[in-house]
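Student: Just dropping this structure here.
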Amino acid sequence: MSPPHPRPARPSAGHGPRAPHTTGTLRTATSGLLTLALAVPLLFGPAAGAAALTVPAEPGGQDVGVDLTAQRAHWIDRTTVLWPGETDPEHTYTLVSAADAGLDPADGDVAADTALDLTPDPDGPDGDQRADWPHLADLAALTVEGANRPRVADALTGQLAVVERDGDGTVTAATGVQIPGVLDDVYADAADADLGAVWDSRGRPTVSLWAPTAQSVSLELYDDATADDPRTVDMRRHPRTGVWSVKGRTDWSGLYYTFDVRVFSPSTDEGRGAVVDNRVTDPYSVSLSTGSTRSHLVDLADPELAPEGWADLAKPEAVPSEAAAIHELHVRDHSASDATVPEEQRGTYAAFGRSDSAGMRALASLAEDGVDYVHLLPVFDIGSVPEDPADRAEPACDLDAFAPDSEEQQACVAEVRGTDAFNWGYDPYHYTAPEGSYATDPEGAARVTEFRRMVAGLNGAGLRVVMDVVYNHTHQAGQAEQSVLDRIVPGYYHRLDADGGVATSTCCPNTAPEHLMMGRLVVDSVVTWARDHKVDGFRFDLMGHHPKQNLLDVRAALDELTLEEDGVDGSSVLLYGEGWNFGEVADDARFEQATQANMAGTGIGTFNDRLRDGVRGGGPFDADPRVQGFGSGLYTDPNGSPANGTEEEQLARLLGYQDLIKVGLAGNLRDYRFTDSSGREVTGAEVDYNGAPAGYTLDPGEAVTYVDAHDNETLYDALAYKLPQDTPMEDRVRMQALSLGTAVFGQGTVFAHAGSERLRSKSLDRNSYDSGDWFNRLNWDCADGNNFGVGLPPAWDNEDKWDYARPLLADPGLVADCAAIEDSRARFGEMMRIRTSTPAFALGSAEAVQERVSFPTSGAGELPGVITMHVDTAGLESEWSSVTVVFNATPGTAEQSVPALAGGDVRLHPVQAESADEVVRTASFAADGGTLTVPPRTVAVFVAD
């Protein structure tokens, strides 16, 4: 997760391509097979500082020049082209197209197959056009003359340019043309066309591909995944949709296929563009060959692909967002280090079917405690991990032999990180097919069946399944080997900058869900996963790069799925995502984004970084990782870092953090009113979060509350940096539980990173996306420790922290033993059982939160390091009249007077009264004055009859 203001909000630094440079093979229209070394940069997440995300606005009134290596004109609908310079009434403007890509206006050669005259419009874009294209609103407008459908369609299949000539006919300016707008206008009917392989009742497929700019498309059929000579089948183009299709026979089932797409690509020939023949897979693939080089023709409704019991799969009851608890897990982490799983199944979907394994017993235990969903990191087809085990490599060193603070482990991991079995998977290749490296058999539909067995295994353990989806970018674009979308409709599926280059603010080639068919691909893909694979929820990576409307369209499409018709209640499917606001789309520059504030009122959740930062302290990209927060000892247990400021500054910042946390505990509601630490009555929106409103939701179910996730350091590692180094392990366990408790006991969705309940460490790695199994190990056996002190974290994203990390990793006192791990797991389980035992923590509406949730000790005299939350449960289906939670993050005992409890029958919650934690059992209540006494570093929950 990434921080918002004051620095521009940034994505996790780990979301980037993870493979070496590749060589792409393409066939040009004139020269047969030609292999080109593609200059495709490896774009990892932005480095420290905001400059990497600075995206200049598209300027008007430029000197356009004569340059067809850029596409600076914008054909936004069939009648309008926007021009990036000032128009001259004495000059003429022409939109030209050459089917053979032979335009060269620099040499005066503008011979074209199609030429459309353009007339300057002195008023510029009209109001609707400015609204639809706000980032282009200042450009000049040129009206396309004679723009009938056949001429426009013909022009779109060639190399395009807008040419300006002076009165003598001399070319004074020329540039290429961006075409997404006109494609959406001319081919709007494609929104309702069938795409991919659609099967009829007799088992015959119709295979369809949207390729409106292609000069020809044919289907290439292969008898198996390795056959060399395909059978070529012609496809027919529908003129109103731009969809090419062919109806097949029943014996096509099980065959492999690719498309041969002849199309103009502006990214070839050093940016001058060329017509190429691209052999490409289907963007609607649901099954693939090993290595994803060929699509596989299968019907997902075929009973042969269904594991036993799939048709009648019994799922745990759906849980609404305001009551849901989510456990975030990587497929490989789950079992890669689990000795109770057969070696050939470790790191695979199959491990989730072994109910007797340590990992599955651990997940079932979490479900019993109240965890509802397992959120799986991306499990769609990715481009960074070789799917054939024979192509993978693992570190050749004896990693256990090196010192806990050694540089050797990360160096050895680095040697194979491009070809090992591990990656987070934020590098989409095919959005709607399961990733093959997690399958014991990656060939064809075997991966589909194994994926479904995983879903069934998790459901059998009492857990519903959330899938992490990454529609905001692709692994590659242009003519790169693993580019799919951009080799079918070049320049359409990706968001382009002012010169026509692909924007990369997400880390990678950004897609453009604001375009009709990319937005449709998102909707179709999500529906397929929900309907055909019975996925119960979706977490959208960098959701702020999607239009809000795209997410609403996803919600509407899911809501149409019914048990009777589809076998799925789509209305119960959970949706949430990262609502960060940054990059070329920031502040609604191109459309209304799916950002935190914009999603208020939609019922779609966004991650609450406000509470996260208040609890942990600082932000994920601090130069000094020792910046403390409420849960890490700020002011009350200082660690001595100058980054924390003076004692006075620490106190002021701690009280500010406490207000952030209160807002978070109340569901991060924009309009929730309470008394802040200064004694003022404020709303959630009036509490400052680095210059932005802390509260932004309209419903508590829209807040996803967390203190750690796969991004950035684990909670244990953050506390290792931030707590004083001599903090005893027992107290580290207590602060881990207290920090997690702020998420568990808040209104809204609870989100926890796998292993946080077990003190999981990544040896201080802040960005473990490509750090191999070694740094990402999740140990279910406490005898194996918590993975702290297994070497300095990888240099490629942590070297600037090595001086802070070395003394910590070398300290054996920071390696958790079985007692600490088991205590931590027990505390988390107790908190979850408390949460699920009462409706106090899932009130479900802003009105109920305002009426029932209060912070009775908040105000000018509140105790630094202590937060008390009171929830009135009278009239609810609860055996208690109220629940009061005290978070004492200080090293001393805290007393909190709650007048509403005075004279009442108040006691420690039964779960904590019977806790193995002797410390929490000493928490007490004095009826005289309603005083709650809570021991150090403890979350105590009191109930009143």
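Residue numbering restarts at 1 in every chain; chains get A, B, ... in the order shown in the structure tokens, and ligands count up from 1 in that same order.
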Kindly assemble as a Markdown table a list of the stretch 250-354 of chain A residues that lie within 8 Å of stretch 219-230 of chain A, each paired with its nearest atom pair and their distance in Å to one decimal, using only C-alpha atoms, sorted first by chain and then by ascending residue number.
Tutor:
| residue | atom | partner | partner_atom | distance |
| --- | --- | --- | --- | --- |
| A:Leu255 | CA | A:Asp223 | CA | 5.3 |
| A:Tyr256 | CA | A:Tyr222 | CA | 5.0 |
| A:Tyr257 | CA | A:Leu221 | CA | 4.5 |
| A:Thr258 | CA | A:Glu220 | CA | 5.2 |
| A:Phe259 | CA | A:Leu219 | CA | 4.8 |
| A:Asp260 | CA | A:Leu219 | CA | 6.4 |
| A:Ser289 | CA | A:Ala225 | CA | 5.7 |
| A:Thr290 | CA | A:Ala225 | CA | 7.7 |
| A:Arg294 | CA | A:Ala225 | CA | 7.0 |
Student: Report as a PyMOL selection string: the residues of stretch 679-894 of chain A with a DSSP assignment of helix (DSSP H, G or I), based on the backbone of this structure.
Tutor: chain A and resi 684-686+700-702+715-722+729-744+756-758+768-770+772-776+782-784+795-809+812-814+818-836+839-841+846-852
Student: Counting only C-alpha atoms, which of A:Ser761, A:Ser245, A:Gln482, A:Ser678 gets nearest to A:Asp708?
Tutor: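 Distance minimum relative to A:Asp708 lands on A:Ser761.
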Student: Write out as an MDAnalysis selection string each polymer residue whose atoms come within 8 Å of A:His475, counting only C-alpha atoms; drop sequence neighbours fewer than 5 positions from it.
Tutor: chainID A and resid 16:17 382:383 426:429 482:483 508:509
Student: Determine, counting only C-alpha atoms, which protein, DNA and RNA residues have an atom within 9 Å of an atom of A:Ser632; residues of the same chain fewer than 4 positions away are not included. Present the result as a PyMOL selection string.
Tutor: chain A and resi 615-617+627-628+637-638+718-719+722-724+735-736+739+889
Student: Tell me which protein, DNA and RNA residues are within 7 Å of A:Tyr438, counting only C-alpha atoms, leaving out same-chain ones fewer than 5 positions away, and put them as a list in words.
Tutor: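 Here the qualifying residues turn out to be Gly347, Thr348 and Tyr349 of chain A.
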Student: Okay, now the selection with N, CA and C atoms, as a tab-separated table (two decimals), in the first residue's frame?
Tutor:
chain	number	residue	atom	x	y	z
A	347	GLY	N	3.91	-24.86	-2.91
A	347	GLY	CA	3.82	-23.65	-3.70
A	347	GLY	C	2.76	-23.70	-4.78
A	348	THR	N	1.84	-24.65	-4.72
A	348	THR	CA	0.86	-24.83	-5.78
A	348	THR	C	-0.57	-24.73	-5.26
A	349	TYR	N	-1.50	-24.68	-6.23
A	349	TYR	CA	-2.92	-24.73	-5.90
A	349	TYR	C	-3.25	-26.01	-5.13
Student: Under the rule that only C-alpha atoms are counted, which of A:Val385, A:Ala403, A:Val371, A:Val64 is the nearest residue to A:Met831?
Tutor: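 Nearest candidate to A:Met831 out of A:Val385, A:Ala403, A:Val371, A:Val64: A:Val371.
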Student: Please provide as a list of chain:residue names all residues within 8 Å of A:Glu895, with the sequence filter that same-chain residues fewer than 5 positions apart are discarded (counting only C-alpha atoms).
Tutor: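 Surrounding residues, per the criterion: A:Thr931, A:Leu932, A:Thr933, A:Val934.
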Student: Deliver the residues from the most recent selection as a file, using C-alpha atoms, as a PDB file, in the first residue's frame.
Tutor:
ATOM      1  CA  THR A 931     -12.766   3.523  36.070  1.00  0.00           C
ATOM      2  CA  LEU A 932     -11.127   0.950  33.826  1.00  0.00           C
ATOM      3  CA  THR A 933      -7.585  -0.073  34.729  1.00  0.00           C
ATOM      4  CA  VAL A 934      -5.549  -1.648  31.929  1.00  0.00           C
TER       5      VAL A 934
END
Student: Which residues in stretch 485-683 of chain A does DSSP call strand (DSSP E or B)? List them as an MDAnalysis selection string.
Tutor: chainID A and resid 494 496 502 510:511 537:540 547 574:577 593 605:608 669 673:675 681:683
Student: So that I can check the surroundings of A:Leu496, please list as a PDB file with C-alpha atoms, in the first residue's frame every protein, DNA and RNA residue that reaches within 12 Å of it, counting only C-alpha atoms and ignoring chain neighbours fewer than 2 positions away.
Tutor:
ATOM      1  CA  VAL A  55       3.409  13.727 -15.427  1.00  0.00           C
ATOM      2  CA  GLU A  58      -0.746  18.031 -22.195  1.00  0.00           C
ATOM      3  CA  ALA A  70       5.112  10.788 -31.928  1.00  0.00           C
ATOM      4  CA  GLN A  71       1.314  10.710 -31.891  1.00  0.00           C
ATOM      5  CA  ARG A  72       0.384  14.159 -30.669  1.00  0.00           C
ATOM      6  CA  ALA A  73      -2.927  14.600 -32.478  1.00  0.00           C
ATOM      7  CA  HIS A  74      -6.053  13.008 -31.007  1.00  0.00           C
ATOM      8  CA  HIS A 135      -6.819  16.701 -20.226  1.00  0.00           C
ATOM      9  CA  VAL A 177      -2.595  10.274 -34.294  1.00  0.00           C
ATOM     10  CA  GLN A 178      -3.988   8.737 -31.103  1.00  0.00           C
ATOM     11  CA  ILE A 179      -7.165   6.824 -31.939  1.00  0.00           C
ATOM     12  CA  PRO A 180      -8.952   5.418 -28.836  1.00  0.00           C
ATOM     13  CA  ALA A 477       3.200  -3.416 -24.241  1.00  0.00           C
ATOM     14  CA  GLY A 478       4.075  -2.516 -27.824  1.00  0.00           C
ATOM     15  CA  ASP A 486      -1.143  -3.771 -27.780  1.00  0.00           C
ATOM     16  CA  PRO A 490      -1.960  -0.906 -31.062  1.00  0.00           C
ATOM     17  CA  GLY A 491      -2.403   2.326 -29.164  1.00  0.00           C
ATOM     18  CA  TYR A 492      -5.851   1.516 -27.797  1.00  0.00           C
ATOM     19  CA  TYR A 493      -5.769  -0.563 -24.633  1.00  0.00           C
ATOM     20  CA  HIS A 494      -3.050   1.468 -22.936  1.00  0.00           C
ATOM     21  CA  ALA A 498       1.059  13.655 -24.850  1.00  0.00           C
ATOM     22  CA  ASP A 499       3.488  12.188 -27.396  1.00  0.00           C
ATOM     23  CA  GLY A 500       1.743   8.840 -27.730  1.00  0.00           C
ATOM     24  CA  GLY A 501       4.056   6.934 -25.416  1.00  0.00           C
ATOM     25  CA  VAL A 502       2.532   4.507 -22.932  1.00  0.00           C
ATOM     26  CA  ALA A 503       2.126   6.009 -19.452  1.00  0.00           C
ATOM     27  CA  THR A 504       3.897   4.032 -16.735  1.00  0.00           C
ATOM     28  CA  SER A 505       2.948   5.764 -13.485  1.00  0.00           C
ATOM     29  CA  PRO A 509       2.443  -0.038 -19.090  1.00  0.00           C
ATOM     30  CA  ASN A 510      -0.783   1.523 -17.820  1.00  0.00           C
ATOM     31  CA  THR A 511      -4.013   0.240 -19.288  1.00  0.00           C
ATOM     32  CA  ALA A 512      -6.925   2.573 -20.045  1.00  0.00           C
ATOM     33  CA  GLU A 514     -11.732   4.554 -19.546  1.00  0.00           C
ATOM     34  CA  HIS A 515     -11.732   3.219 -23.105  1.00  0.00           C
ATOM     35  CA  GLU A 584      -1.367  11.170 -15.032  1.00  0.00           C
ATOM     36  CA  VAL A 585      -4.938  10.592 -13.832  1.00  0.00           C
ATOM     37  CA  ARG A 590      -8.913  12.408 -17.268  1.00  0.00           C
TER      38      ARG A 590
END
